[in-house]
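**Q** This is the structure, below, for whatever I ask next.
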Amino acid sequence: MTPTQPPPFPPPEPSRPPGAGDGGGHAHGHGHSHGHGPAAPVSQHLRKVIAAILIPFAAAVLIGLAVLWPGGAPAHERTGVGFDRQTQHATVTKVVELSCQSVNASGGVPTGDTSTAEGSSAQQQADGTCKKATIRVDTGDDKGRTFNEIVQPDQSRQLSEGQKVVVAYEPSAPEDLQYSVTDVNRRFPLALLAGVFALAVVAVGRLRGVMALVALAISFLVLNFFILPAILQGANPLVVAVVGASAIMLIALYLCHGLSARTSVAVLGTLISLLLIGVLGSVFIGWAALTGNTDDNTGLIHGLYPGIDMSGLLLAGVIIGSLGVLDDVTVTQTSAVWELHEANPSTGWRGLYRAGIRIGRDHIASVVNTLVLAYAGAALPLLLLFSIAQSGVGTVANSELVAEEIVRTLIGSIGLVASVPVTTALAALVVSADRPTSQARAQGTGPAPDARPAVGRGGRGRRRKR
C-alpha cells in the first residue's frame with residue numbers, strides 16, 4: 001500500500017471502540033489459539049438464519065438430555081474380575097529376599113525346554129531369588145491389617161519397601177488370601193502431570209486456556225454422569241452418543257470461542273461432519289459384522305449387562321472419539337476464512353473458499369496422519385503380536401480386533417476430510433454475505449462514506465455486530 005493510494009477499507013482501529021456494536025462489549029478473539037482479533041460481523045438477517053438452525057438443535061439436545069438422563073449407573077453384584085473388584089490403598093512396609101525353592105516347594109521340579117517362555121519361567125521360579133513383601137492396608141474397614149505376598153523373579157511388577165500399591169479384597173477367600181496386590185498406586189504422579197498440563201495451558205492460553213480447562217471438565221462430567229450411566233441403563237448407545245457429543249460440542253465451542261457467528265459456523269460444520277460419521281459408522285460396522293466384543297473388558301461389560309448393544313457402543317465410541325479432532329478442524333477453518341475476509345473484504349465467497357480450502361489441504365494431511373498414528377500407537381502391542389506370529393497383512397486386517405481399529409480410523413478420517421470443505425464453504429458464504437447499512441455507518445462501525453469509492457466492488461462493508 002503506497003502513501004498516495006488510499007486504503008480500500010478503513011483500518012480496524014477506528015471501527016472498534018470499546019463495546020461498539022458487539023451487543024454487550026465482548027471483544028473476544030475467536031481464532032483457534034492464534035490470538036485473532038474480534039470476529040468479522042455478519043448481517044442481522046444471517047444471524048437470524050443461523051439462530052433458526054442452531055436454537056432448535058440446542059433445544060433438541062436439552063430435551064434429549066432430560067429424557068435420557070440416567071440418574072446413576074445400575075447396581076450389580078461384584079464379580080471379582082478385572083476392574084469389578086473391591087480395592088483399597090496399601091503400603092509395602094518390608095521386603096526380604098528368600099530362595100524360590102522354599103516358597104515353591106510344592107511345585108515340584110520343573111521339566112521341559114528352558115528356551116521357551118514357560119520353561120524359562122519355571123526354571124527361574126525353581127532356582128531364582130524371590131521376594132517376600134509385607135503389605136499394610138491403609139484404607140477401609142481393615143485399615144492397619146498386614147499380609148504377605150510372594151513376588152516371583154520373572155514378574156513384571158517388582159515391589160520395593162515404602163511403595164504405594166492398590167490391593168484387591170475378596171471376602172469369600174480364606175483369611176490369609178483375602179488381600180492381594182493388583183497394581184501400583186499412581187495417583188500422585190498422574191495428579192502432578194495433570195497439574196503441569198493445567199499450568200501450561202493457562203500460562204500460554206491465559207483466559208482462553210482457563211475456558212478450555214473448564215470446557216474439558218464439563219466434557220468429563222457429561223461423559224461420566226450422562227453418557228456412561230445412560231448406556232449402562234440400557235439406552236441406545238448411538239442416540240446417547242449423539243446427544244452427549246452434541247452437548248459437549250455446544251458447551252466447549254461456545255465457552256472457548258464465544259457466542260458469535262464464527263463459532264456458530266464451526267458448530268454447524270462439526271454437526272454435519274458428525275452426522276456423516278454416524279451414517280458411515282452405522283453402515284460399515286454392520287456390513288463388516290463387528291460385534292464390539294473383542295477383549296476381556298468388553299466381555300465383562302457384556303456379561304454384567306447383556307442388554308447393551310456392543311456394536312452400538314462401538315459406533316458411539318467412534319463418534320465421541322472423532323469429536324475432539326473435528327472441532328479443532330472446523331474452528332481453524334472458520335477462523336482462516338474470517339481472517340482472509342478481514343484482510344480483503346472485497347473478496348467474494350468463491351475466492352474465500354478457494355483460499356480457505358488451500359489452507360485446509362495442509363490441515364487435512366497433518367490431522368489424518370495424526371489420527372492414524374494415534375490409533376497405531378494405542379494398538380502397538382497388538383501389532384507386535386501379529387508381527388511375531390508372522391501373519392499376513394490380510395489375515396491381520398481381517399481379524400475383528402484389528403478391523404475394528406481400521407473402521408474406527410477410516411470413518412473418523414473421512415469425517416475429518418469432509419469437515420474441511422463443508423466448514424470452509426459455510427464460513428465463506430456467511431462472512432461474504434454482509435452488506436453495509438446506514439445504521440452501521442452511523443454507529444461508526446461501517447466503512448466511512450469517503451472510503452467507499454475506493455472499494456473495487458461497490459463499497460462492500462461490514463457492520464461491527466456480532
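Simple scheme: letters A, B, ... for chains in C-alpha cells order, numbers from 1 for residues in each chain, numbers from 1 for ligands in the order shown.
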Can you list, as a list of chain:residue names, all residues belonging to stretch 181-362 of chain A that DSSP tags as strand (DSSP E or B)?
**A**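 These are the residues in question: A:Val181, A:Thr182, A:Asp183, A:Val184.
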**Q** For A:Phe147, find every residue with an atom within 7 Å (counting only C-alpha atoms), except residues of its own chain fewer than 4 positions away, and show them as number ranges by chain.
**A** A: 134-136
**Q** Based on the backbone DSSP call, show me all residues of stretch 159-219 of chain A assigned alpha helix (DSSP H), as number ranges by chain.
**A** A: 187-219
**Q** Using only C-alpha atoms for the distances, tell me which of A:Leu300, A:Val279, A:Ala200, A:Val95 is nearest to A:Leu159.
**A** A:Val95
**Q** Could you pull the residues within 8 Å of stretch 58-72 of chain A, counting only C-alpha atoms, minus those fewer than 2 positions along the same chain, as a PyMOL selection string?
**A** chain A and resi 54-56+74+225-226+229-230+233+235+240+243-244+246-247+250
**Q** Quick one: distance from atom CA of A:Thr347 to atom CA of A:Ala427 in Å, one decimal?
**A** 13.1 Å
**Q** Go through A:Val92, A:Ala194, A:Val165, A:Ile320 and flag the residue nearest A:Thr182, using only C-alpha atoms for the distances.
**A**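 Checking each of A:Val92, A:Ala194, A:Val165, A:Ile320 against A:Thr182, counting only C-alpha atoms, the winner is A:Val165.
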**Q** Using only C-alpha atoms, can you tell me which of A:Leu410, A:Val402, A:Ala316, A:Leu429 comes closest to A:Leu238?
**A**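 Ranking A:Leu410, A:Val402, A:Ala316, A:Leu429 by distance to A:Leu238, first place goes to A:Ala316.
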